[in-house]
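Chemist: Got a structure for you, final29.pdb, holding PDB, C-alpha atoms.
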ATOM      1  CA  MET A 138      54.825 -43.157 -33.061
ATOM      2  CA  THR A 139      57.218 -42.572 -30.241
ATOM      3  CA  LYS A 140      56.354 -42.825 -26.578
ATOM      4  CA  LEU A 141      56.694 -39.049 -26.249
ATOM      5  CA  GLN A 142      54.158 -38.438 -28.980
ATOM      6  CA  LYS A 143      51.699 -40.867 -27.371
ATOM      7  CA  TYR A 144      52.198 -39.134 -24.019
ATOM      8  CA  ASN A 145      51.580 -35.713 -25.599
ATOM      9  CA  ARG A 146      48.335 -36.930 -27.209
ATOM     10  CA  ILE A 147      47.036 -38.354 -23.948
ATOM     11  CA  ALA A 148      47.988 -35.194 -22.063
ATOM     12  CA  PHE A 149      46.307 -33.023 -24.714
ATOM     13  CA  ALA A 150      43.100 -35.104 -24.496
ATOM     14  CA  VAL A 151      43.052 -34.951 -20.702
ATOM     15  CA  ILE A 152      43.491 -31.166 -20.704
ATOM     16  CA  SER A 153      41.316 -30.280 -23.712
ATOM     17  CA  VAL A 154      38.147 -32.118 -22.595
ATOM     18  CA  PRO A 155      37.685 -30.131 -19.322
ATOM     19  CA  VAL A 156      38.604 -26.899 -21.129
ATOM     20  CA  PHE A 157      35.995 -27.639 -23.797
ATOM     21  CA  LEU A 158      33.357 -28.356 -21.152
ATOM     22  CA  LEU A 159      34.166 -25.122 -19.299
ATOM     23  CA  ALA A 160      33.959 -23.195 -22.564
ATOM     24  CA  CYS A 161      30.521 -24.718 -23.266
ATOM     25  CA  LEU A 162      29.338 -23.757 -19.769
ATOM     26  CA  ALA A 163      30.597 -20.186 -20.254
ATOM     27  CA  VAL A 164      28.705 -19.899 -23.550
ATOM     28  CA  PHE A 165      25.575 -21.312 -21.874
ATOM     29  CA  PHE A 166      25.695 -18.723 -19.060
ATOM     30  CA  MET A 167      26.268 -15.927 -21.572
ATOM     31  CA  ILE A 168      23.196 -17.016 -23.536
ATOM     32  CA  CYS A 169      21.135 -17.099 -20.331
ATOM     33  CA  GLU A 170      22.200 -13.557 -19.477
ATOM     34  CA  LEU A 171      21.429 -12.276 -22.984
ATOM     35  CA  LEU A 172      17.940 -13.818 -23.183
ATOM     36  CA  PRO A 173      15.047 -11.505 -22.161
ATOM     37  CA  LYS A 174      14.387 -11.685 -18.451
ATOM     38  CA  SER A 175      11.038 -12.843 -17.087
ATOM     39  CA  TYR A 176      10.001 -11.699 -13.645
ATOM     40  CA  PRO A 177       7.635 -14.137 -11.899
ATOM     41  CA  GLU A 178       4.934 -12.635  -9.695
ATOM     42  CA  TYR A 179       5.778 -13.830  -6.218
ATOM     43  CA  ASP A 180       2.277 -14.048  -4.738
ATOM     44  CA  GLU A 181       1.684 -10.343  -5.228
ATOM     45  CA  ASN A 182      -1.195  -8.456  -3.627
ATOM     46  CA  LYS A 183      -2.411  -6.796  -6.832
ATOM     47  CA  GLY A 184      -6.080  -6.591  -5.874
ATOM     48  CA  VAL A 185      -8.882  -8.768  -7.226
ATOM     49  CA  ILE A 186      -8.951  -9.594 -10.942
ATOM     50  CA  SER A 187     -11.688  -7.862 -12.937
ATOM     51  CA  LYS A 188     -14.951  -9.635 -13.748
ATOM     52  CA  ALA A 189     -13.971 -10.008 -17.408
ATOM     53  CA  GLU A 190     -10.662 -11.669 -16.475
ATOM     54  CA  ALA A 191     -12.416 -13.901 -13.934
ATOM     55  CA  GLU A 192     -14.854 -15.099 -16.604
ATOM     56  CA  LYS A 193     -11.960 -15.898 -18.961
ATOM     57  CA  SER A 194     -10.216 -17.887 -16.228
ATOM     58  CA  ALA A 195     -13.433 -19.757 -15.385
ATOM     59  CA  ARG A 196     -13.911 -20.790 -19.030
ATOM     60  CA  LYS A 197     -10.351 -22.119 -19.126
ATOM     61  CA  LYS A 198     -10.748 -23.619 -15.649
ATOM     62  CA  GLU A 199      -7.641 -21.708 -14.621
ATOM     63  CA  TYR A 200      -7.568 -19.956 -11.250
ATOM     64  CA  ASN A 201      -4.628 -17.717 -10.447
ATOM     65  CA  GLN A 202      -5.726 -16.122  -7.168
ATOM     66  CA  TYR A 203      -6.336 -17.318  -3.625
ATOM     67  CA  ILE A 204      -7.603 -15.731  -0.408
ATOM     68  CA  SER A 205      -5.338 -14.944   2.541
ATOM     69  CA  TYR A 206      -5.935 -13.567   6.051
ATOM     70  CA  ASN A 207      -2.673 -12.322   7.504
ATOM     71  CA  SER A 208      -3.573  -9.340   9.727
ATOM     72  CA  LEU A 209      -5.856  -8.653  12.672
ATOM     73  CA  PHE A 210      -6.574  -5.207  14.127
ATOM     74  CA  VAL A 211      -8.129  -4.967  17.595
ATOM     75  CA  LEU A 212     -10.629  -2.129  18.043
ATOM     76  CA  ASN A 213     -11.779  -2.926  21.591
ATOM     77  CA  HIS A 214     -10.204  -5.532  23.873
ATOM     78  CA  GLU A 215     -13.084  -5.642  26.349
ATOM     79  CA  GLN A 216     -15.619  -6.278  23.591
ATOM     80  CA  GLN A 217     -13.303  -8.750  21.810
ATOM     81  CA  GLU A 218     -13.775  -6.516  18.775
ATOM     82  CA  PHE A 219     -11.462  -6.689  15.778
ATOM     83  CA  VAL A 220     -11.189  -6.348  11.981
ATOM     84  CA  VAL A 221      -9.466  -8.760   9.579
ATOM     85  CA  PRO A 222      -8.626  -7.618   6.006
ATOM     86  CA  VAL A 223      -9.222 -10.250   3.302
ATOM     87  CA  ILE A 224      -6.484 -10.347   0.661
ATOM     88  CA  ALA A 225      -6.633 -11.780  -2.872
ATOM     89  CA  ARG A 226      -3.145 -12.936  -3.771
ATOM     90  CA  THR A 227      -2.032 -13.598  -7.338
ATOM     91  CA  MET A 228      -0.260 -16.945  -7.552
ATOM     92  CA  GLU A 229       3.388 -17.214  -8.441
ATOM     93  CA  LYS A 230       4.018 -17.914 -12.121
ATOM     94  CA  PRO A 231       6.479 -20.716 -12.972
ATOM     95  CA  GLU A 232       9.974 -19.405 -13.463
ATOM     96  CA  ARG A 233      11.555 -19.927 -16.884
ATOM     97  CA  TRP A 234      14.267 -22.599 -16.743
ATOM     98  CA  THR A 235      16.921 -20.143 -17.949
ATOM     99  CA  GLU A 236      16.182 -17.846 -14.967
ATOM    100  CA  LYS A 237      17.573 -20.471 -12.590
ATOM    101  CA  PHE A 238      21.048 -20.104 -14.083
ATOM    102  CA  ARG A 239      21.279 -16.303 -14.034
ATOM    103  CA  PHE A 240      23.841 -14.551 -11.884
ATOM    104  CA  SER A 241      22.264 -12.535  -9.094
ATOM    105  CA  GLU A 242      23.760  -9.485  -7.455
ATOM    106  CA  ALA A 243      24.228  -9.614  -3.721
ATOM    107  CA  THR A 244      22.614  -6.772  -1.832
ATOM    108  CA  VAL A 245      23.410  -5.418   1.607
ATOM    109  CA  ASP A 246      20.687  -3.856   3.696
ATOM    110  CA  GLU A 247      21.351  -0.287   4.719
ATOM    111  CA  ILE A 248      22.217   0.016   8.380
ATOM    112  CA  VAL A 249      20.954   3.112  10.158
ATOM    113  CA  PHE A 250      22.297   4.069  13.572
ATOM    114  CA  ASP A 251      20.172   6.145  15.900
ATOM    115  CA  GLU A 252      21.873   9.220  17.275
ATOM    116  CA  ALA A 253      21.239  10.668  20.707
ATOM    117  CA  ASP A 254      18.949  13.653  20.660
ATOM    118  CA  PRO A 255      20.953  16.671  21.862
ATOM    119  CA  ALA A 256      17.768  18.313  23.058
ATOM    120  CA  THR A 257      17.454  15.724  25.822
ATOM    121  CA  LEU A 258      20.782  16.736  27.421
ATOM    122  CA  SER A 259      21.960  19.869  29.185
ATOM    123  CA  VAL A 260      25.436  20.903  30.275
ATOM    124  CA  THR A 261      25.998  21.952  33.886
ATOM    125  CA  MET A 262      29.193  23.072  35.652
ATOM    126  CA  SER A 263      30.274  21.111  38.728
ATOM    127  CA  ASP A 264      32.238  22.529  41.658
ATOM    128  CA  ASP A 265      35.549  21.287  40.265
ATOM    129  CA  GLY A 266      34.990  23.036  36.929
ATOM    130  CA  SER A 267      34.134  19.902  34.950
ATOM    131  CA  THR A 268      31.014  19.636  32.909
ATOM    132  CA  GLN A 269      28.316  17.099  33.534
ATOM    133  CA  ARG A 270      25.389  16.165  31.362
ATOM    134  CA  GLU A 271      22.015  15.824  33.007
ATOM    135  CA  PRO A 272      18.788  14.780  31.356
ATOM    136  CA  VAL A 273      16.329  17.575  30.757
ATOM    137  CA  LYS A 274      12.958  16.999  32.316
ATOM    138  CA  PRO A 275      10.472  17.625  29.498
ATOM    139  CA  ILE A 276       7.493  19.824  30.215
ATOM    140  CA  ARG A 277       4.458  17.775  29.319
ATOM    141  CA  PRO A 278       1.544  19.812  27.983
ATOM    142  CA  LYS A 279      -1.775  19.263  29.676
ATOM    143  CA  ARG A 280      -3.763  16.815  27.604
ATOM    144  CA  ILE A 281      -7.278  17.702  26.558
ATOM    145  CA  LYS A 282      -9.620  14.806  25.962
ATOM    146  CA  ASP A 283     -10.142  14.426  22.228
ATOM    147  CA  THR A 284     -13.657  13.632  21.054
ATOM    148  CA  THR A 285     -12.385  12.466  17.649
ATOM    149  CA  THR A 286      -9.601  10.104  16.628
ATOM    150  CA  LEU A 287      -8.219   8.697  13.399
ATOM    151  CA  LYS A 288      -6.084   5.565  13.617
ATOM    152  CA  ARG A 289      -4.297   4.182  10.570
ATOM    153  CA  LEU A 290      -4.734   0.407  10.440
ATOM    154  CA  TYR A 291      -3.709  -1.017   7.077
ATOM    155  CA  THR A 292      -2.181   0.461   3.911
ATOM    156  CA  GLU A 293      -2.165  -2.630   1.664
ATOM    157  CA  GLN A 294      -4.959  -3.684  -0.672
ATOM    158  CA  PHE A 295      -7.857  -5.880   0.467
ATOM    159  CA  VAL A 296     -10.941  -7.362  -1.184
ATOM    160  CA  ASN A 297     -13.126  -7.595   1.916
ATOM    161  CA  LEU A 298     -13.190  -6.894   5.645
ATOM    162  CA  VAL A 299     -14.285  -9.307   8.362
ATOM    163  CA  TYR A 300     -15.677  -7.622  11.489
ATOM    164  CA  GLU A 301     -16.222  -9.437  14.778
ATOM    165  CA  ASN A 302     -17.544  -8.394  18.168
ATOM    166  CA  GLY A 303     -17.146 -11.453  20.368
ATOM    167  CA  ALA A 304     -18.943 -10.002  23.405
ATOM    168  CA  ASN A 305     -22.112  -9.355  21.365
ATOM    169  CA  LYS A 306     -21.778 -12.476  19.156
ATOM    170  CA  ILE A 307     -21.452 -10.434  15.950
ATOM    171  CA  HIS A 308     -19.482 -11.733  12.967
ATOM    172  CA  ARG A 309     -19.891 -10.412   9.420
ATOM    173  CA  SER A 310     -18.201  -9.558   6.139
ATOM    174  CA  VAL A 311     -18.478  -5.893   5.213
ATOM    175  CA  ILE A 312     -18.340  -6.148   1.391
ATOM    176  CA  ASN A 313     -20.699  -8.276  -0.733
ATOM    177  CA  GLU A 314     -19.429  -7.546  -4.274
ATOM    178  CA  ARG A 315     -16.265  -7.622  -6.402
ATOM    179  CA  PHE A 316     -14.170  -4.863  -4.879
ATOM    180  CA  THR A 317     -10.650  -3.815  -3.885
ATOM    181  CA  GLY A 318      -9.944  -1.346  -1.099
ATOM    182  CA  TRP A 319      -6.809   0.236   0.363
ATOM    183  CA  ASN A 320      -5.651   2.642   3.106
ATOM    184  CA  LEU A 321      -7.907   1.334   5.883
ATOM    185  CA  ASN A 322      -8.388   3.695   8.847
ATOM    186  CA  TYR A 323     -10.472   3.683  12.032
ATOM    187  CA  ILE A 324     -12.388   6.892  12.832
ATOM    188  CA  ARG A 325     -14.125   7.717  16.093
ATOM    189  CA  ASN A 326     -16.428  10.733  16.197
ATOM    190  CA  GLY A 327     -17.970  10.931  19.659
ATOM    191  CA  LYS A 328     -19.922   7.688  19.987
ATOM    192  CA  LYS A 329     -19.972   7.086  16.235
ATOM    193  CA  ARG A 330     -17.328   4.764  14.826
ATOM    194  CA  TYR A 331     -16.329   4.183  11.224
ATOM    195  CA  LEU A 332     -13.943   2.177   9.086
ATOM    196  CA  ALA A 333     -12.736   4.559   6.392
ATOM    197  CA  PHE A 334     -10.988   3.435   3.225
ATOM    198  CA  PHE A 335     -10.564   4.039  -0.479
ATOM    199  CA  GLY A 336     -11.847   1.454  -2.933
ATOM    200  CA  THR A 337     -13.033   0.682  -6.433
ATOM    201  CA  LYS A 338     -15.466  -1.636  -8.209
ATOM    202  CA  VAL A 339     -14.374  -0.643 -11.728
ATOM    203  CA  ASP A 340     -11.229  -1.556 -13.675
ATOM    204  CA  SER A 341     -10.884   1.988 -15.039
ATOM    205  CA  ASN A 342      -7.446   1.462 -16.618
ATOM    206  CA  ASN A 343      -8.352  -1.952 -18.128
ATOM    207  CA  ASP A 344      -5.289  -3.779 -16.789
ATOM    208  CA  GLY A 345      -7.323  -6.769 -15.601
ATOM    209  CA  TYR A 346      -7.224  -5.875 -11.883
ATOM    210  CA  LEU A 347      -9.225  -3.727  -9.506
ATOM    211  CA  ASN A 348      -6.603  -1.890  -7.466
ATOM    212  CA  SER A 349      -5.248   1.482  -6.350
ATOM    213  CA  ASP A 350      -4.169   2.268  -9.934
ATOM    214  CA  ASP A 351      -7.862   2.683 -10.802
ATOM    215  CA  GLN A 352     -10.017   5.678  -9.934
ATOM    216  CA  GLY A 353     -11.229   5.062  -6.391
ATOM    217  CA  ASP A 354     -14.000   6.339  -4.135
ATOM    218  CA  PHE A 355     -13.989   7.193  -0.432
ATOM    219  CA  TYR A 356     -15.944   4.735   1.737
ATOM    220  CA  LEU A 357     -17.284   5.116   5.268
ATOM    221  CA  TYR A 358     -18.481   1.972   7.031
ATOM    222  CA  ASP A 359     -20.622   2.674  10.102
ATOM    223  CA  ILE A 360     -19.581  -0.127  12.460
ATOM    224  CA  ASP A 361     -22.603   0.026  14.777
ATOM    225  CA  LEU A 362     -25.240   0.465  12.035
ATOM    226  CA  ASP A 363     -23.546  -2.020   9.672
ATOM    227  CA  SER A 364     -23.928   0.326   6.693
ATOM    228  CA  VAL A 365     -21.529   1.398   3.948
ATOM    229  CA  LYS A 366     -21.640   4.886   2.475
ATOM    230  CA  ILE A 367     -19.682   6.237  -0.492
ATOM    231  CA  VAL A 368     -18.758   9.906  -0.089
ATOM    232  CA  LYS A 369     -18.752  11.533  -3.527
ATOM    233  CA  ILE A 370     -17.961  15.098  -4.536
ATOM    234  CA  PRO A 371     -19.323  15.819  -8.054
ATOM    235  CA  ASP A 372     -16.559  15.721 -10.718
ATOM    236  CA  MET A 373     -13.908  15.399  -8.002
ATOM    237  CA  GLU A 374     -11.630  12.527  -7.006
ATOM    238  CA  ILE A 375     -10.668  12.310  -3.323
ATOM    239  CA  GLU A 376      -6.970  11.516  -2.891
ATOM    240  CA  ASN A 377      -6.280  12.077   0.809
ATOM    241  CA  TYR A 378      -8.012  13.219   3.983
ATOM    242  CA  PHE A 379      -7.419  14.406   7.551
ATOM    243  CA  LEU A 380      -9.637  14.501  10.633
ATOM    244  CA  MET A 381      -9.822  17.757  12.577
ATOM    245  CA  LYS A 382      -9.378  17.503  16.336
ATOM    246  CA  ASN A 383     -12.450  17.792  18.594
ATOM    247  CA  ASN A 384     -14.883  18.311  15.719
ATOM    248  CA  PRO A 385     -16.459  16.039  13.083
ATOM    249  CA  ILE A 386     -14.699  17.634  10.109
ATOM    250  CA  LEU A 387     -12.763  15.688   7.495
ATOM    251  CA  ILE A 388     -10.478  17.707   5.244
ATOM    252  CA  PHE A 389     -10.284  16.230   1.733
ATOM    253  CA  GLU A 390      -7.531  16.770  -0.833
ATOM    254  CA  VAL A 391      -9.230  16.365  -4.207
ATOM    255  CA  LYS A 392      -8.520  16.619  -7.928
ATOM    256  CA  ASP A 393     -10.851  17.548 -10.753
ATOM    257  CA  LYS A 394     -11.582  14.463 -12.873
ATOM    258  CA  ASN A 395     -12.053  16.675 -15.956
ATOM    259  CA  ARG A 396      -8.840  18.674 -15.561
ATOM    260  CA  PRO A 397      -6.702  19.080 -18.702
ATOM    261  CA  MET A 398      -3.332  17.357 -18.947
ATOM    262  CA  SER A 399      -1.643  20.727 -18.490
ATOM    263  CA  HIS A 400      -3.206  20.850 -14.992
ATOM    264  CA  LYS A 401      -2.304  17.283 -13.943
ATOM    265  CA  ASN A 402      -1.085  18.365 -10.474
ATOM    266  CA  GLU A 403      -3.940  20.774  -9.744
ATOM    267  CA  SER A 404      -5.614  19.966  -6.421
ATOM    268  CA  PHE A 405      -8.300  21.510  -4.209
ATOM    269  CA  VAL A 406      -9.304  21.347  -0.531
ATOM    270  CA  TYR A 407     -12.814  20.449   0.666
ATOM    271  CA  ARG A 408     -14.426  20.240   4.088
ATOM    272  CA  TYR A 409     -16.793  17.354   4.945
ATOM    273  CA  ASN A 410     -18.981  17.141   8.058
ATOM    274  CA  LEU A 411     -19.410  13.580   9.352
ATOM    275  CA  ASN A 412     -22.603  14.516  11.231
ATOM    276  CA  THR A 413     -24.437  16.379   8.460
ATOM    277  CA  SER A 414     -22.794  14.818   5.357
ATOM    278  CA  ILE A 415     -22.371  18.352   3.981
ATOM    279  CA  PHE A 416     -19.189  19.227   2.085
ATOM    280  CA  GLU A 417     -17.927  22.565   0.835
ATOM    281  CA  ASP A 418     -14.952  23.993  -0.996
ATOM    282  CA  ILE A 419     -12.663  25.649   1.561
ATOM    283  CA  ILE A 420     -11.355  28.162  -0.998
ATOM    284  CA  PRO A 421     -14.211  30.331  -2.427
ATOM    285  CA  GLU A 422     -14.310  30.936  -6.180
ATOM    286  CA  ASP A 423     -13.593  34.662  -5.796
ATOM    287  CA  GLU A 424     -10.485  33.893  -3.785
ATOM    288  CA  LYS A 425      -9.314  31.374  -6.411
ATOM    289  CA  LYS A 426      -9.654  34.035  -9.093
ATOM    290  CA  LEU A 427      -7.623  36.422  -6.950
ATOM    291  CA  HIS A 428      -4.856  33.843  -6.487
ATOM    292  CA  LEU A 429      -4.749  33.231 -10.231
ATOM    293  CA  LYS A 430      -4.787  36.927 -11.019
ATOM    294  CA  LEU A 431      -1.735  37.508  -8.820
ATOM    295  CA  ILE A 432       0.382  35.176 -10.970
ATOM    296  CA  VAL A 433      -0.880  36.042 -14.447
ATOM    297  CA  LYS A 434      -1.146  39.824 -14.389
TER     298      LYS A 434
END
Output the structure of this file as structure tokens.

Modeler:
Amino acid sequence: MTKLQKYNRIAFAVISVPVFLLACLAVFFMICELLPKSYPEYDENKGVISKAEAEKSARKKEYNQYISYNSLFVLNHEQQEFVVPVIARTMEKPERWTEKFRFSEATVDEIVFDEADPATLSVTMSDDGSTQREPVKPIRPKRIKDTTTLKRLYTEQFVNLVYENGANKIHRSVINERFTGWNLNYIRNGKKRYLAFFGTKVDSNNDGYLNSDDQGDFYLYDIDLDSVKIVKIPDMEIENYFLMKNNPILIFEVKDKNRPMSHKNESFVYRYNLNTSIFEDIIPEDEKKLHLKLIVK
């Protein structure tokens, strides 16, 4: 074998080994991309697990949720009064080893620039003919003291609420059962004060969690009386509500629980009095028939 042939063999070996390794790596990455993806749950706030799932976990001595307190909402500074939502977080599941080698797409957050409001400027003519912009002095309407207020506090899910009034040495948990609530609001009606929220104690869709995907009820917690009341309208599910100004009226948007699938978006409007606990359908039956008649005749 000549020296040239030996040189060629050595050169081929030196070049082919790295190429082979790169080819193996390329095949490995392709396999990782083709395998089904698994998405770990990164400490999600999915609500509390159902009682049946909790019993299964207890038998296996496996616990996949923990409690977190990450928000505080002040109701009255002078009274040192505040509310803390209690969150049940689902632990992160271990990531499959192939997920670590996947290619990820870079994302760029959308940048939004605020524009000047043209309504805040006016054009005036100066003596030399040039235009000058001067700020418009807004006319502020005279404020009337409102006897009712609704303040939105917390939209995420929670499994309990801790209430404290430091001035009066009061500290308590509001809920004493397996429960998940959401859309927490603070309502003031004269001297009466409530925490209002939606919640459920039943895993109606059988997904293993109590959360906003289940059929919920509307709760009113009287802060001063320390009492919880569930507002129910027979055969109706409350989906949203509004508080009328200067009167104790809540307006409910509701849906019929027994509606057919062909009426899945059918909704109604009810009026609820916080003082009397009386509710009524805002649209009378005769008027509903008239509305229907106008589209079917």

Chemist: Identify all residues satisfying the PyMOL selection byres ((chain A and resi 183-191) around 9) in the given file; provide them as a PyMOL selection string.

Modeler: chain A and resi 180-182+192-196+200+202+224-227+294-296+315-318+338-340+343-349

Chemist: When you draw a straight line from CA of Lys426 in chain A to CA of Tyr407 in chain A, how long is it in Å?

Modeler: 17.0 Å

Chemist: Evaluate the PyMOL selection byres ((chain A and resi 357) around 7) on the structure here and hand back the selected residues as a ChimeraX atom specification.

Modeler: /A:331-334,355-356,358-359,365-367

Chemist: May I ask for the distance between CA of Lys382 in chain A and CA of Glu424 in chain A, given in Å to one decimal place?

Modeler: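 We find that CA of Lys382 in chain A and CA of Glu424 in chain A lie 26.0 Å from each other.
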
Chemist: Report, in Å to a single decimal, how far apart CA of Glu218 in chain A and CA of Thr285 in chain A are.

Modeler: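 Computing it gives 19.1 Å between the two atoms.
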
Chemist: I need the output of the PyMOL selection byres ((chain A and resi 376) around 9) for this file as an MDAnalysis selection string; which residues are they?

Modeler: chainID A and resid 335 353:355 374:375 377:378 389:392

Chemist: Save out the residues we just selected, C-alpha atoms, as a compact mmCIF listing (two decimals), in the frame of the given file.

Modeler:
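Written file, out00.txt:
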# COMPACT_ATOMS: atom_id res chain seq x y z
CA PHE A 335 -10.56 4.04 -0.48
CA GLY A 353 -11.23 5.06 -6.39
CA ASP A 354 -14.00 6.34 -4.14
CA PHE A 355 -13.99 7.19 -0.43
CA GLU A 374 -11.63 12.53 -7.01
CA ILE A 375 -10.67 12.31 -3.32
CA ASN A 377 -6.28 12.08 0.81
CA TYR A 378 -8.01 13.22 3.98
CA PHE A 389 -10.28 16.23 1.73
CA GLU A 390 -7.53 16.77 -0.83
CA VAL A 391 -9.23 16.36 -4.21
CA LYS A 392 -8.52 16.62 -7.93

Chemist: With N, CA, C and O atoms as the target, complete range 412-429 of chain A and hand it back as a PDB file, in the frame of the given file.

Modeler:
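Output file rebuild-v5.pdb follows:
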ATOM      1  N   ASN A 412     -21.266  14.534  10.630  1.00  0.00           N
ATOM      2  CA  ASN A 412     -22.603  14.516  11.231  1.00  0.00           C
ATOM      3  C   ASN A 412     -23.690  14.901  10.243  1.00  0.00           C
ATOM      4  O   ASN A 412     -24.788  14.327  10.254  1.00  0.00           O
ATOM      5  N   THR A 413     -23.403  15.867   9.379  1.00  0.00           N
ATOM      6  CA  THR A 413     -24.437  16.379   8.460  1.00  0.00           C
ATOM      7  C   THR A 413     -24.267  15.883   7.028  1.00  0.00           C
ATOM      8  O   THR A 413     -25.151  16.092   6.196  1.00  0.00           O
ATOM      9  N   SER A 414     -23.110  15.278   6.724  1.00  0.00           N
ATOM     10  CA  SER A 414     -22.794  14.818   5.357  1.00  0.00           C
ATOM     11  C   SER A 414     -22.740  15.972   4.362  1.00  0.00           C
ATOM     12  O   SER A 414     -22.909  15.777   3.156  1.00  0.00           O
ATOM     13  N   ILE A 415     -22.490  17.172   4.846  1.00  0.00           N
ATOM     14  CA  ILE A 415     -22.371  18.352   3.981  1.00  0.00           C
ATOM     15  C   ILE A 415     -20.900  18.615   3.698  1.00  0.00           C
ATOM     16  O   ILE A 415     -20.065  18.573   4.605  1.00  0.00           O
ATOM     17  N   PHE A 416     -20.562  18.871   2.431  1.00  0.00           N
ATOM     18  CA  PHE A 416     -19.189  19.227   2.085  1.00  0.00           C
ATOM     19  C   PHE A 416     -19.181  20.573   1.376  1.00  0.00           C
ATOM     20  O   PHE A 416     -20.172  20.991   0.765  1.00  0.00           O
ATOM     21  N   GLU A 417     -18.060  21.256   1.474  1.00  0.00           N
ATOM     22  CA  GLU A 417     -17.927  22.565   0.835  1.00  0.00           C
ATOM     23  C   GLU A 417     -16.474  22.809   0.475  1.00  0.00           C
ATOM     24  O   GLU A 417     -15.550  22.301   1.128  1.00  0.00           O
ATOM     25  N   ASP A 418     -16.290  23.605  -0.558  1.00  0.00           N
ATOM     26  CA  ASP A 418     -14.952  23.993  -0.996  1.00  0.00           C
ATOM     27  C   ASP A 418     -14.412  25.013   0.000  1.00  0.00           C
ATOM     28  O   ASP A 418     -15.052  26.028   0.284  1.00  0.00           O
ATOM     29  N   ILE A 419     -13.229  24.745   0.556  1.00  0.00           N
ATOM     30  CA  ILE A 419     -12.663  25.649   1.561  1.00  0.00           C
ATOM     31  C   ILE A 419     -12.240  26.976   0.931  1.00  0.00           C
ATOM     32  O   ILE A 419     -12.326  28.034   1.564  1.00  0.00           O
ATOM     33  N   ILE A 420     -11.788  26.942  -0.309  1.00  0.00           N
ATOM     34  CA  ILE A 420     -11.355  28.162  -0.998  1.00  0.00           C
ATOM     35  C   ILE A 420     -12.487  28.659  -1.891  1.00  0.00           C
ATOM     36  O   ILE A 420     -12.822  28.000  -2.886  1.00  0.00           O
ATOM     37  N   PRO A 421     -13.126  29.810  -1.583  1.00  0.00           N
ATOM     38  CA  PRO A 421     -14.211  30.331  -2.427  1.00  0.00           C
ATOM     39  C   PRO A 421     -13.726  30.663  -3.840  1.00  0.00           C
ATOM     40  O   PRO A 421     -12.535  30.915  -4.061  1.00  0.00           O
ATOM     41  N   GLU A 422     -14.653  30.685  -4.776  1.00  0.00           N
ATOM     42  CA  GLU A 422     -14.310  30.936  -6.180  1.00  0.00           C
ATOM     43  C   GLU A 422     -13.668  32.308  -6.367  1.00  0.00           C
ATOM     44  O   GLU A 422     -12.723  32.463  -7.144  1.00  0.00           O
ATOM     45  N   ASP A 423     -14.169  33.314  -5.668  1.00  0.00           N
ATOM     46  CA  ASP A 423     -13.593  34.662  -5.796  1.00  0.00           C
ATOM     47  C   ASP A 423     -12.137  34.682  -5.342  1.00  0.00           C
ATOM     48  O   ASP A 423     -11.292  35.356  -5.936  1.00  0.00           O
ATOM     49  N   GLU A 424     -11.852  33.943  -4.287  1.00  0.00           N
ATOM     50  CA  GLU A 424     -10.485  33.893  -3.785  1.00  0.00           C
ATOM     51  C   GLU A 424      -9.575  33.136  -4.751  1.00  0.00           C
ATOM     52  O   GLU A 424      -8.410  33.489  -4.946  1.00  0.00           O
ATOM     53  N   LYS A 425     -10.096  32.098  -5.404  1.00  0.00           N
ATOM     54  CA  LYS A 425      -9.314  31.374  -6.411  1.00  0.00           C
ATOM     55  C   LYS A 425      -8.956  32.287  -7.569  1.00  0.00           C
ATOM     56  O   LYS A 425      -7.822  32.267  -8.084  1.00  0.00           O
ATOM     57  N   LYS A 426      -9.917  33.091  -7.990  1.00  0.00           N
ATOM     58  CA  LYS A 426      -9.654  34.035  -9.093  1.00  0.00           C
ATOM     59  C   LYS A 426      -8.586  35.052  -8.693  1.00  0.00           C
ATOM     60  O   LYS A 426      -7.751  35.437  -9.508  1.00  0.00           O
ATOM     61  N   LEU A 427      -8.632  35.479  -7.431  1.00  0.00           N
ATOM     62  CA  LEU A 427      -7.623  36.422  -6.950  1.00  0.00           C
ATOM     63  C   LEU A 427      -6.240  35.778  -6.977  1.00  0.00           C
ATOM     64  O   LEU A 427      -5.266  36.402  -7.427  1.00  0.00           O
ATOM     65  N   HIS A 428      -6.138  34.543  -6.499  1.00  0.00           N
ATOM     66  CA  HIS A 428      -4.856  33.843  -6.487  1.00  0.00           C
ATOM     67  C   HIS A 428      -4.302  33.693  -7.906  1.00  0.00           C
ATOM     68  O   HIS A 428      -3.094  33.853  -8.130  1.00  0.00           O
ATOM     69  N   LEU A 429      -5.187  33.379  -8.842  1.00  0.00           N
ATOM     70  CA  LEU A 429      -4.749  33.231 -10.231  1.00  0.00           C
ATOM     71  C   LEU A 429      -4.336  34.576 -10.822  1.00  0.00           C
ATOM     72  O   LEU A 429      -3.337  34.682 -11.542  1.00  0.00           O
TER      73      LEU A 429
END
